[in-house]
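Chemist: I'm passing along target16.csv; it holds CSV, C-alpha atoms and all ligand atoms.
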chain,number,residue,atom,x,y,z
A,1,MET,CA,76.0,-49.2,31.2
A,2,ASN,CA,77.3,-48.0,34.5
A,3,LEU,CA,74.5,-45.9,35.9
A,4,LYS,CA,76.7,-44.3,38.6
A,5,GLU,CA,79.0,-43.1,35.9
A,6,PHE,CA,76.0,-41.9,33.8
A,7,ASP,CA,74.5,-40.0,36.8
A,8,TYR,CA,77.8,-38.3,37.5
A,9,LEU,CA,78.6,-37.2,34.0
A,10,PHE,CA,75.0,-36.2,33.1
A,11,ASP,CA,74.8,-34.1,36.2
A,12,LEU,CA,78.2,-32.6,35.7
A,13,ASN,CA,77.9,-31.8,32.1
A,14,GLY,CA,74.2,-31.8,31.3
A,15,TYR,CA,74.6,-34.4,28.6
A,16,TYR,CA,75.9,-37.9,27.9
A,17,ILE,CA,77.0,-39.5,24.6
A,18,LEU,CA,75.7,-43.0,23.9
A,19,LYS,CA,77.9,-44.8,21.4
A,20,ASN,CA,76.7,-47.3,18.8
A,21,VAL,CA,73.1,-47.5,19.9
A,22,ILE,CA,71.5,-47.4,16.4
A,23,ASN,CA,72.2,-49.8,13.6
A,24,SER,CA,73.4,-48.5,10.2
A,25,SER,CA,70.5,-49.9,8.2
A,26,ASP,CA,68.0,-47.9,10.4
A,27,ILE,CA,70.2,-44.8,9.9
A,28,LYS,CA,70.2,-45.3,6.2
A,29,LYS,CA,66.5,-45.8,6.1
A,30,ALA,CA,65.8,-42.6,8.1
A,31,ASN,CA,68.1,-40.6,5.8
A,32,LYS,CA,66.3,-41.9,2.7
A,33,ILE,CA,62.9,-41.1,4.0
A,34,LEU,CA,63.9,-37.6,5.0
A,35,GLU,CA,65.7,-37.0,1.7
A,36,ILE,CA,62.3,-37.6,-0.1
A,37,ILE,CA,60.4,-35.4,2.3
A,38,GLU,CA,62.9,-32.5,2.0
A,39,GLU,CA,62.2,-32.3,-1.7
A,40,LYS,CA,58.5,-31.9,-1.4
A,41,LYS,CA,56.4,-28.8,-1.6
A,42,PRO,CA,54.7,-28.0,1.7
A,43,SER,CA,51.3,-28.8,0.1
A,44,ASP,CA,52.5,-32.3,-0.9
A,45,LEU,CA,53.7,-33.4,2.6
A,46,PRO,CA,52.0,-36.5,4.2
A,47,LYS,CA,49.2,-36.0,6.7
A,48,ASN,CA,50.2,-34.0,9.8
A,49,ILE,CA,53.8,-33.7,8.6
A,50,PHE,CA,54.9,-30.0,8.3
A,51,PHE,CA,57.9,-27.8,7.6
A,52,GLY,CA,57.6,-26.4,11.1
A,53,LYS,CA,59.7,-23.4,9.9
A,54,LYS,CA,58.9,-22.0,6.5
A,55,LYS,CA,60.8,-24.0,3.8
A,56,ASN,CA,64.0,-22.2,2.7
A,57,ASN,CA,67.3,-23.0,1.0
A,58,ARG,CA,69.3,-22.9,4.2
A,59,GLU,CA,67.6,-25.2,6.6
A,60,LEU,CA,64.6,-27.6,6.9
A,61,TYR,CA,62.6,-28.4,10.0
A,62,ILE,CA,60.3,-31.4,9.7
A,63,SER,CA,57.6,-31.7,12.4
A,64,ASN,CA,56.0,-34.9,13.7
A,65,ILE,CA,58.3,-37.4,12.2
A,66,LEU,CA,56.8,-40.3,14.2
A,67,GLN,CA,53.9,-40.2,11.8
A,68,LEU,CA,56.2,-40.6,8.8
A,69,ASP,CA,57.5,-44.2,9.3
A,70,LYS,CA,57.8,-46.9,12.0
A,71,VAL,CA,61.6,-46.4,12.0
A,72,PHE,CA,61.1,-43.1,13.8
A,73,GLU,CA,58.8,-44.8,16.3
A,74,LYS,CA,61.5,-47.4,16.8
A,75,PHE,CA,64.1,-44.7,17.7
A,76,ALA,CA,61.6,-43.1,20.1
A,77,SER,CA,61.2,-46.3,22.2
A,78,LEU,CA,64.7,-47.8,22.2
A,79,PRO,CA,65.0,-49.4,25.6
A,80,ILE,CA,68.3,-47.6,26.5
A,81,PHE,CA,66.7,-44.3,25.7
A,82,LEU,CA,63.6,-45.0,27.8
A,83,LYS,CA,65.8,-46.3,30.7
A,84,LEU,CA,67.8,-43.1,30.8
A,85,ILE,CA,64.9,-40.7,30.3
A,86,LYS,CA,63.2,-42.4,33.2
A,87,ARG,CA,66.4,-42.0,35.2
A,88,VAL,CA,66.7,-38.3,34.7
A,89,THR,CA,63.0,-37.6,35.1
A,90,GLY,CA,63.0,-38.2,38.9
A,91,ASN,CA,63.6,-41.9,38.3
A,92,SER,CA,60.0,-42.3,37.4
A,93,ASN,CA,57.8,-43.2,34.5
A,94,PHE,CA,56.1,-39.8,34.6
A,95,PHE,CA,57.3,-38.7,31.2
A,96,ARG,CA,56.0,-38.7,27.6
A,97,LEU,CA,57.5,-38.1,24.2
A,98,ASN,CA,56.3,-34.6,23.6
A,99,HIS,CA,57.4,-34.3,20.0
A,100,ALA,CA,60.0,-35.4,17.5
A,101,VAL,CA,61.5,-33.6,14.6
A,102,GLY,CA,64.0,-33.8,11.8
A,103,MET,CA,66.4,-30.9,11.2
A,104,THR,CA,68.5,-30.5,8.1
A,105,LYS,CA,71.1,-27.8,7.5
A,106,LEU,CA,71.6,-27.5,3.8
A,107,LYS,CA,74.7,-25.5,3.2
A,108,LYS,CA,77.8,-23.5,4.3
A,109,ASP,CA,77.3,-21.0,7.1
A,110,ALA,CA,74.1,-22.6,8.4
A,111,TYR,CA,73.9,-23.2,12.1
A,112,THR,CA,71.4,-23.6,15.0
A,113,TYR,CA,71.5,-20.6,17.2
A,114,LEU,CA,72.2,-21.2,20.9
A,115,HIS,CA,69.1,-21.5,23.0
A,116,MET,CA,67.7,-22.6,26.3
A,117,GLY,CA,69.2,-22.5,29.8
A,118,ASN,CA,68.2,-23.3,33.4
A,119,LEU,CA,65.7,-21.5,35.6
A,120,PRO,CA,65.5,-18.5,36.0
A,121,HIS,CA,67.0,-17.8,32.6
A,122,HIS,CA,64.4,-19.8,30.8
A,123,PRO,CA,60.9,-20.0,32.3
A,124,LYS,CA,59.9,-23.3,30.7
A,125,ILE,CA,62.8,-25.5,31.8
A,126,PHE,CA,64.2,-26.7,35.1
A,127,TYR,CA,66.9,-29.1,36.3
A,128,PHE,CA,67.8,-30.1,39.8
A,129,THR,CA,69.0,-33.0,41.9
A,130,LYS,CA,67.7,-34.1,45.3
A,131,ASN,CA,68.8,-37.1,47.4
A,132,GLY,CA,70.8,-38.5,44.6
A,133,ILE,CA,68.0,-38.3,42.0
A,134,ILE,CA,68.1,-36.2,38.8
A,135,PHE,CA,65.1,-34.2,37.8
A,136,SER,CA,65.0,-32.6,34.3
A,137,ASN,CA,61.5,-31.6,33.2
A,138,ILE,CA,62.5,-31.7,29.6
A,139,THR,CA,65.2,-34.0,28.2
A,140,LYS,CA,66.2,-34.5,24.6
A,141,ILE,CA,67.8,-37.2,22.6
A,142,LEU,CA,69.7,-36.0,19.5
A,143,ILE,CA,70.4,-38.6,16.8
A,144,PRO,CA,72.9,-37.5,14.1
A,145,LEU,CA,72.0,-39.0,10.7
A,146,CYS,CA,74.8,-37.6,8.7
A,147,ASN,CA,77.7,-35.1,8.9
A,148,ASN,CA,78.0,-34.0,12.5
A,149,LYS,CA,81.7,-33.2,12.6
A,150,ASP,CA,82.8,-29.8,13.9
A,151,ILE,CA,83.5,-28.6,10.4
A,152,ASP,CA,79.9,-29.6,9.3
A,153,GLY,CA,78.5,-27.4,12.0
A,154,GLY,CA,77.9,-30.3,14.4
A,155,PHE,CA,75.8,-30.2,17.6
A,156,ALA,CA,77.4,-28.1,20.3
A,157,VAL,CA,76.6,-27.3,24.0
A,158,ILE,CA,77.9,-25.2,26.8
A,159,PRO,CA,78.8,-28.0,29.4
A,160,GLY,CA,77.5,-27.3,32.8
A,161,SER,CA,75.3,-24.4,31.7
A,162,HIS,CA,72.1,-26.2,33.0
A,163,LYS,CA,73.3,-25.2,36.4
A,164,SER,CA,74.7,-21.8,35.6
A,165,ASN,CA,74.0,-19.0,38.0
A,166,PHE,CA,74.6,-16.2,35.5
A,167,VAL,CA,72.9,-15.2,32.3
A,168,ARG,CA,75.1,-16.0,29.3
A,169,PRO,CA,76.9,-12.7,28.5
A,170,PHE,CA,77.0,-13.4,24.8
A,171,ASP,CA,74.4,-13.4,22.1
A,172,ASN,CA,73.1,-16.6,20.5
A,173,ASN,CA,75.5,-16.8,17.6
A,174,PRO,CA,77.9,-19.7,18.0
A,175,LYS,CA,80.7,-17.5,16.7
A,176,ASN,CA,80.4,-15.3,19.8
A,177,ASN,CA,80.4,-18.2,22.3
A,178,LYS,CA,83.8,-19.7,21.4
A,179,SER,CA,85.1,-19.4,24.9
A,180,CYS,CA,82.6,-21.9,26.3
A,181,LEU,CA,80.9,-23.7,23.4
A,182,VAL,CA,82.0,-27.3,22.8
A,183,HIS,CA,81.3,-29.6,19.9
A,184,LEU,CA,80.0,-33.0,20.8
A,185,ASP,CA,81.5,-35.6,18.6
A,186,ALA,CA,78.7,-38.0,18.0
A,187,LYS,CA,78.5,-40.0,14.7
A,188,PRO,CA,75.6,-41.6,12.9
A,189,GLY,CA,74.8,-44.6,15.1
A,190,ASP,CA,75.5,-42.6,18.3
A,191,ALA,CA,73.0,-40.5,20.3
A,192,ILE,CA,73.2,-37.7,22.8
A,193,ILE,CA,70.9,-37.4,25.8
A,194,PHE,CA,70.9,-33.9,27.2
A,195,THR,CA,68.7,-31.8,29.5
A,196,GLU,CA,66.9,-29.0,27.7
A,197,ALA,CA,68.2,-26.7,30.5
A,198,LEU,CA,71.6,-26.9,28.8
A,199,ALA,CA,72.5,-24.1,26.4
A,200,HIS,CA,72.7,-25.8,23.1
A,201,GLY,CA,72.8,-25.3,19.3
A,202,SER,CA,75.4,-26.1,16.7
A,203,LEU,CA,78.7,-24.8,15.3
A,204,VAL,CA,78.7,-23.0,11.9
A,205,ASN,CA,78.9,-25.3,8.9
A,206,LYS,CA,82.1,-24.8,7.0
A,207,SER,CA,82.2,-28.1,5.0
A,208,ASN,CA,79.2,-27.2,2.8
A,209,LYS,CA,78.0,-30.8,3.4
A,210,LEU,CA,74.3,-31.3,4.2
A,211,ARG,CA,73.9,-32.1,7.9
A,212,ARG,CA,70.8,-34.0,9.2
A,213,VAL,CA,69.8,-34.8,12.8
A,214,LEU,CA,66.7,-36.1,14.6
A,215,SER,CA,65.6,-34.5,17.9
A,216,TYR,CA,63.3,-36.3,20.3
A,217,MET,CA,61.9,-34.2,23.1
A,218,TYR,CA,60.7,-36.1,26.3
A,219,SER,CA,58.9,-34.0,28.9
A,220,VAL,CA,57.1,-34.6,32.1
A,221,LYS,CA,53.8,-36.3,31.4
A,222,TYR,CA,51.6,-33.4,32.1
A,223,MET,CA,53.3,-31.1,29.6
A,224,PRO,CA,51.0,-30.8,26.5
A,225,ASP,CA,52.3,-30.9,22.8
A,226,TRP,CA,54.1,-27.6,22.2
A,227,THR,CA,51.9,-26.8,19.1
A,228,LYS,CA,54.4,-24.1,18.1
A,229,LEU,CA,56.0,-25.2,14.8
A,230,ASN,CA,53.0,-27.5,14.2
A,231,LEU,CA,54.3,-29.9,16.8
A,232,LYS,CA,51.1,-31.9,17.6
A,233,TYR,CA,50.1,-35.5,17.2
A,234,SER,CA,47.0,-35.9,15.1
A,235,ASP,CA,43.9,-37.5,16.8
A,236,ASP,CA,43.9,-40.1,14.0
A,237,TYR,CA,47.5,-41.0,14.8
A,238,ILE,CA,46.9,-41.3,18.5
A,239,LYS,CA,43.9,-43.5,17.9
A,240,LYS,CA,45.7,-45.9,15.5
A,241,SER,CA,49.1,-46.1,17.2
A,242,SER,CA,50.3,-49.3,19.0
A,243,PRO,CA,49.7,-49.6,22.8
A,244,LYS,CA,53.5,-49.0,23.3
A,245,ILE,CA,53.5,-45.7,21.3
A,246,LYS,CA,50.2,-44.7,22.8
A,247,LYS,CA,51.6,-45.1,26.3
A,248,LEU,CA,54.8,-43.2,25.3
A,249,ILE,CA,53.0,-40.1,23.8
A,250,SER,CA,49.9,-39.9,26.1
A,251,LEU,CA,49.3,-36.8,28.1
A,252,LYS,CA,48.4,-37.0,31.7
A,253,VAL,CA,45.4,-34.7,32.1
A,254,ASP,CA,43.9,-35.4,35.5
B,1,LIG,O1,71.8,-30.1,16.1
B,1,LIG,C1,71.4,-29.0,16.0
B,1,LIG,O2,71.6,-28.3,15.0
B,1,LIG,C2,70.5,-28.4,17.1
B,1,LIG,C3,69.6,-29.4,17.7
B,1,LIG,C4,68.7,-28.7,18.7
B,1,LIG,O3,68.8,-27.5,18.9
B,1,LIG,C5,67.7,-29.4,19.5
B,1,LIG,O4,67.6,-30.6,19.3
B,1,LIG,O5,67.0,-28.8,20.3
Could you take the file, read its structure, and then write that structure out as structure tokens?
Modeler:
Amino acid sequence: MNLKEFDYLFDLNGYYILKNVINSSDIKKANKILEIIEEKKPSDLPKNIFFGKKKNNRELYISNILQLDKVFEKFASLPIFLKLIKRVTGNSNFFRLNHAVGMTKLKKDAYTYLHMGNLPHHPKIFYFTKNGIIFSNITKILIPLCNNKDIDGGFAVIPGSHKSNFVRPFDNNPKNNKSCLVHLDAKPGDAIIFTEALAHGSLVNKSNKLRRVLSYMYSVKYMPDWTKLNLKYSDDYIKKSSPKIKKLISLKVD
């Protein structure tokens, strides 16, 4: 990986696509586990796993996937991910994995509405560079598990919007952002790192194929679990997790 090239493209666009970073057997395993979870009633879900958004026939949002299986922990701590998260968090280790989720779109016409944007348009998120160092207070890694083509309603962003000086003059429906919204062609095995300051969401699903992605959110280390959508590590999980995971998820409180 050429870090000079990474810095330039990440700063220019707000994202960078990592090709072939996850092996196909891990992708297969993750799909299988989530397929089983998706079928469950909310009351039958494993401990501290939730449908963060009420279960419906259009989309599923599965909170706290790290607690589901070690494969989700493996993704969270891939060396290339941690290297780049460090790089864009002020080139420091002052970051944590704030939460991780699975998102499944079940059918035609489903989409993720566009959201986020840089300060002052969103009060939670900021992005800046200083003396050649990138600082993104929240950075995500998106991992497509299946069907992420444009026709499937694949992940989409407005390149450069993390530095936009104007409020987006369109609503949050991807159909109404066609002049600036771009589909990112990442396949299962690839991953996309992007600053949360980037306006992002998805295209509209036209293929009627189920689309599944994982989303890992890394924040500065002092930012607590969001708790919204039940995004919170259980005390039990924190206590039992390996030193590596403990370090990755721990909150800096003093
Ligand atoms: O891929 C998608 O449908 C949207 C993902 C997303 O919005 C996120 O990871 O924050």
Chemist: Give me, as a Markdown table, each residue of chain A that comes within 7 Å of ligand LIG 1 (chain B), together with its shortest interatomic pair and the distance in Å at one decimal, counting all atoms listed in the file, with rows ordered by chain and rising residue number.
Modeler:
| residue | atom | partner | partner_atom | distance |
| --- | --- | --- | --- | --- |
| A:Met103 | CA | B:LIG1 | O2 | 6.9 |
| A:Tyr111 | CA | B:LIG1 | O2 | 6.3 |
| A:Thr112 | CA | B:LIG1 | O2 | 4.7 |
| A:Lys140 | CA | B:LIG1 | O4 | 6.7 |
| A:Leu142 | CA | B:LIG1 | O4 | 5.8 |
| A:Gly154 | CA | B:LIG1 | O1 | 6.3 |
| A:Phe155 | CA | B:LIG1 | O1 | 4.3 |
| A:His200 | CA | B:LIG1 | O3 | 6.0 |
| A:Gly201 | CA | B:LIG1 | C2 | 4.4 |
| A:Ser202 | CA | B:LIG1 | O2 | 4.7 |
| A:Val213 | CA | B:LIG1 | O1 | 6.1 |
| A:Ser215 | CA | B:LIG1 | O4 | 4.6 |
Chemist: The residues within 10 Å of (79.6, -26.4, 5.3), using only C-alpha atoms and the coordinates of the file, should be reported as a list in words; which are they?
Modeler: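 Those residues, ordered by chain and then number, are Lys105, Leu106, Lys107, Lys108, Asp109, Ala110, Tyr111, Asn147, Asp150, Ile151, Asp152, Gly153, Val204, Asn205, Lys206, Ser207, Asn208, Lys209, Leu210 and Arg211 of chain A.
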Chemist: Quick one: of A:Trp226, A:Tyr16, A:Tyr218, A:Phe166, who's nearest to A:Ala191, counting only C-alpha atoms?
Modeler: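 Residue with the minimum atom-to-atom distance to A:Ala191: A:Tyr16.
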Chemist: Counting all atoms listed in the file, note down every residue that has an atom within 9 Å of the point (80.6, -37.5, 17.8) (file coordinates), as a list of chain:residue names.
Modeler: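 Protein and nucleic acid residues near the point are A:Ile17, A:Lys19, A:Pro144, A:Asn148, A:Lys149, A:Asp150, A:Gly154, A:Phe155, A:His183, A:Leu184, A:Asp185, A:Ala186, A:Lys187, A:Pro188, A:Asp190, A:Ala191, A:Ile192.
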Chemist: For a quick check of understanding, using all atoms listed in the file, which of A:Lys32, A:Lys74, A:Arg87, A:Arg212 has the smallest distance to A:Phe6?
Modeler: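 Of A:Lys32, A:Lys74, A:Arg87, A:Arg212, the one nearest A:Phe6 is A:Arg87, counting all atoms listed in the file.
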Chemist: State, in Å with one decimal place, the distance from atom CA of A:Ser136 to atom CA of A:Thr195.
Modeler: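 Separating atom CA of A:Ser136 from atom CA of A:Thr195 is a distance of 6.1 Å.
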Chemist: Could you please determine the separation between atom CA of A:Ile125 and atom CA of A:Lys228 in Å, to one decimal place?
Modeler: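 Taking atom CA of A:Ile125 as the start and atom CA of A:Lys228 as the end point, the length is 16.1 Å.
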Chemist: Could you check the closest approach to A:Asp254 for each of A:Cys146, A:Ala76, A:Tyr8, A:Lys221 and tell me which residue wins, using only C-alpha atoms?
Modeler: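 Among the listed residues, A:Lys221 lies closest to A:Asp254.
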Chemist: Mind pulling up the distance from atom CA of A:Asn230 to atom CA of A:Ile62?
Modeler: 9.4 Å
Chemist: Rank nothing, just name the residue among A:Pro42, A:Phe10, A:Phe135, A:Phe194 nearest to A:Lys54, using all atoms listed in the file.
Modeler: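 Under the stated criterion, the closest residue is A:Pro42.
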Chemist: With all atoms listed in the file as the counted atoms, please give the residues lying no more than 8 Å from A:Asn137, apart from itself and same-chain residues fewer than 6 positions off, as a ChimeraX atom specification.
Modeler: /A:89,125-127,219-220
Chemist: For A:Asn176, which residue out of A:Leu198, A:Asn131, A:Tyr113, A:Lys86 is the nearest one, using only C-alpha atoms?
Modeler: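 Of all the options, A:Tyr113 lies closest to A:Asn176.
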Chemist: Could you list, as a ChimeraX atom specification, every residue within 12 Å of A:Ile36, counting all atoms listed in the file and ignoring same-chain residues fewer than 4 positions away?
Modeler: /A:29-32,40-41,44-46,62,68
Chemist: Nearest to A:Asp225 among A:Phe72, A:Ser24, A:Asn98, A:Tyr61, with distances taken over only C-alpha atoms: which residue is it?
Modeler: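 Closest candidate: A:Asn98.
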Chemist: Which residues are near A:Ala197? Cut-off 9 Å, all atoms listed in the file, ignore same chain within fewer than 4 positions. Put them as a count of residues only.
Modeler: 17
Chemist: Fewer than 3 positions away in the same chain doesn't count, so skip those; otherwise give me all residues within 12 Å of A:Lys70, counting all atoms listed in the file, as a compact mmCIF listing (two decimals) with C-alpha atoms, in the coordinates of the input.
Modeler:
# COMPACT_ATOMS: atom_id res chain seq x y z
CA ASP A 26 68.00 -47.90 10.40
CA LYS A 29 66.50 -45.80 6.10
CA ALA A 30 65.80 -42.60 8.10
CA ILE A 33 62.90 -41.10 4.00
CA ILE A 65 58.30 -37.40 12.20
CA LEU A 66 56.80 -40.30 14.20
CA GLN A 67 53.90 -40.20 11.80
CA GLU A 73 58.80 -44.80 16.30
CA LYS A 74 61.50 -47.40 16.80
CA PHE A 75 64.10 -44.70 17.70
CA ALA A 76 61.60 -43.10 20.10
CA SER A 77 61.20 -46.30 22.20
CA SER A 241 49.10 -46.10 17.20
CA SER A 242 50.30 -49.30 19.00
CA ILE A 245 53.50 -45.70 21.30
Chemist: Hey, could you pull the box centre and edge lengths for stretch 162-166 of chain A, axis-aligned, 6 Å padding per side, all listed atoms, to one decimal in Å, as AutoDock Vina command-line options?
Modeler:
--center_x 73.4 --center_y -21.2 --center_z 35.5 --size_x 14.6 --size_y 22.0 --size_z 17.0
Chemist: With the input short on atoms, add N, CA and C atoms back to stretch 4-30 of chain A and write it as a PDB file, keeping the file's coordinate frame.
Modeler:
ATOM      1  N   LYS A   4      75.993 -45.297  37.737  1.00  0.00           N
ATOM      2  CA  LYS A   4      76.700 -44.300  38.600  1.00  0.00           C
ATOM      3  C   LYS A   4      77.500 -43.360  37.812  1.00  0.00           C
ATOM      4  N   GLU A   5      78.172 -43.924  36.807  1.00  0.00           N
ATOM      5  CA  GLU A   5      79.000 -43.100  35.900  1.00  0.00           C
ATOM      6  C   GLU A   5      78.085 -42.172  35.088  1.00  0.00           C
ATOM      7  N   PHE A   6      76.962 -42.732  34.606  1.00  0.00           N
ATOM      8  CA  PHE A   6      76.000 -41.900  33.800  1.00  0.00           C
ATOM      9  C   PHE A   6      75.526 -40.748  34.699  1.00  0.00           C
ATOM     10  N   ASP A   7      75.057 -41.029  35.930  1.00  0.00           N
ATOM     11  CA  ASP A   7      74.500 -40.000  36.800  1.00  0.00           C
ATOM     12  C   ASP A   7      75.566 -38.857  36.991  1.00  0.00           C
ATOM     13  N   TYR A   8      76.804 -39.277  37.265  1.00  0.00           N
ATOM     14  CA  TYR A   8      77.800 -38.300  37.500  1.00  0.00           C
ATOM     15  C   TYR A   8      78.099 -37.396  36.337  1.00  0.00           C
ATOM     16  N   LEU A   9      78.256 -38.019  35.177  1.00  0.00           N
ATOM     17  CA  LEU A   9      78.600 -37.200  34.000  1.00  0.00           C
ATOM     18  C   LEU A   9      77.428 -36.407  33.473  1.00  0.00           C
ATOM     19  N   PHE A  10      76.217 -36.974  33.546  1.00  0.00           N
ATOM     20  CA  PHE A  10      75.000 -36.200  33.100  1.00  0.00           C
ATOM     21  C   PHE A  10      74.829 -35.004  33.979  1.00  0.00           C
ATOM     22  N   ASP A  11      74.974 -35.217  35.288  1.00  0.00           N
ATOM     23  CA  ASP A  11      74.800 -34.100  36.200  1.00  0.00           C
ATOM     24  C   ASP A  11      75.883 -33.048  36.069  1.00  0.00           C
ATOM     25  N   LEU A  12      77.087 -33.524  35.873  1.00  0.00           N
ATOM     26  CA  LEU A  12      78.200 -32.600  35.700  1.00  0.00           C
ATOM     27  C   LEU A  12      78.154 -31.759  34.480  1.00  0.00           C
ATOM     28  N   ASN A  13      77.867 -32.435  33.370  1.00  0.00           N
ATOM     29  CA  ASN A  13      77.900 -31.800  32.100  1.00  0.00           C
ATOM     30  C   ASN A  13      76.597 -31.337  31.492  1.00  0.00           C
ATOM     31  N   GLY A  14      75.537 -32.053  31.876  1.00  0.00           N
ATOM     32  CA  GLY A  14      74.200 -31.800  31.300  1.00  0.00           C
ATOM     33  C   GLY A  14      73.912 -32.643  30.096  1.00  0.00           C
ATOM     34  N   TYR A  15      74.840 -33.527  29.743  1.00  0.00           N
ATOM     35  CA  TYR A  15      74.600 -34.400  28.600  1.00  0.00           C
ATOM     36  C   TYR A  15      75.435 -35.695  28.776  1.00  0.00           C
ATOM     37  N   TYR A  16      75.140 -36.681  27.936  1.00  0.00           N
ATOM     38  CA  TYR A  16      75.900 -37.900  27.900  1.00  0.00           C
ATOM     39  C   TYR A  16      75.831 -38.499  26.514  1.00  0.00           C
ATOM     40  N   ILE A  17      76.963 -38.950  25.990  1.00  0.00           N
ATOM     41  CA  ILE A  17      77.000 -39.500  24.600  1.00  0.00           C
ATOM     42  C   ILE A  17      76.845 -41.024  24.667  1.00  0.00           C
ATOM     43  N   LEU A  18      75.866 -41.544  23.950  1.00  0.00           N
ATOM     44  CA  LEU A  18      75.700 -43.000  23.900  1.00  0.00           C
ATOM     45  C   LEU A  18      76.263 -43.474  22.543  1.00  0.00           C
ATOM     46  N   LYS A  19      77.231 -44.364  22.649  1.00  0.00           N
ATOM     47  CA  LYS A  19      77.900 -44.800  21.400  1.00  0.00           C
ATOM     48  C   LYS A  19      77.298 -46.068  20.857  1.00  0.00           C
ATOM     49  N   ASN A  20      77.176 -46.083  19.521  1.00  0.00           N
ATOM     50  CA  ASN A  20      76.700 -47.300  18.800  1.00  0.00           C
ATOM     51  C   ASN A  20      75.403 -47.867  19.337  1.00  0.00           C
ATOM     52  N   VAL A  21      74.380 -47.039  19.365  1.00  0.00           N
ATOM     53  CA  VAL A  21      73.100 -47.500  19.900  1.00  0.00           C
ATOM     54  C   VAL A  21      72.063 -47.747  18.757  1.00  0.00           C
ATOM     55  N   ILE A  22      72.410 -47.285  17.549  1.00  0.00           N
ATOM     56  CA  ILE A  22      71.500 -47.400  16.400  1.00  0.00           C
ATOM     57  C   ILE A  22      72.182 -48.111  15.269  1.00  0.00           C
ATOM     58  N   ASN A  23      71.539 -49.103  14.638  1.00  0.00           N
ATOM     59  CA  ASN A  23      72.200 -49.800  13.600  1.00  0.00           C
ATOM     60  C   ASN A  23      72.245 -49.025  12.254  1.00  0.00           C
ATOM     61  N   SER A  24      73.218 -49.361  11.418  1.00  0.00           N
ATOM     62  CA  SER A  24      73.400 -48.500  10.200  1.00  0.00           C
ATOM     63  C   SER A  24      72.281 -48.654   9.218  1.00  0.00           C
ATOM     64  N   SER A  25      71.577 -49.793   9.204  1.00  0.00           N
ATOM     65  CA  SER A  25      70.500 -49.900   8.200  1.00  0.00           C
ATOM     66  C   SER A  25      69.321 -48.968   8.628  1.00  0.00           C
ATOM     67  N   ASP A  26      69.076 -48.805   9.918  1.00  0.00           N
ATOM     68  CA  ASP A  26      68.000 -47.900  10.400  1.00  0.00           C
ATOM     69  C   ASP A  26      68.431 -46.412  10.075  1.00  0.00           C
ATOM     70  N   ILE A  27      69.711 -46.130  10.225  1.00  0.00           N
ATOM     71  CA  ILE A  27      70.200 -44.800   9.900  1.00  0.00           C
ATOM     72  C   ILE A  27      70.002 -44.489   8.426  1.00  0.00           C
ATOM     73  N   LYS A  28      70.349 -45.478   7.632  1.00  0.00           N
ATOM     74  CA  LYS A  28      70.200 -45.300   6.200  1.00  0.00           C
ATOM     75  C   LYS A  28      68.751 -45.118   5.787  1.00  0.00           C
ATOM     76  N   LYS A  29      67.887 -45.908   6.399  1.00  0.00           N
ATOM     77  CA  LYS A  29      66.500 -45.800   6.100  1.00  0.00           C
ATOM     78  C   LYS A  29      65.918 -44.424   6.475  1.00  0.00           C
ATOM     79  N   ALA A  30      66.290 -43.966   7.650  1.00  0.00           N
ATOM     80  CA  ALA A  30      65.800 -42.600   8.100  1.00  0.00           C
ATOM     81  C   ALA A  30      66.294 -41.544   7.168  1.00  0.00           C
TER      82      ALA A  30
END
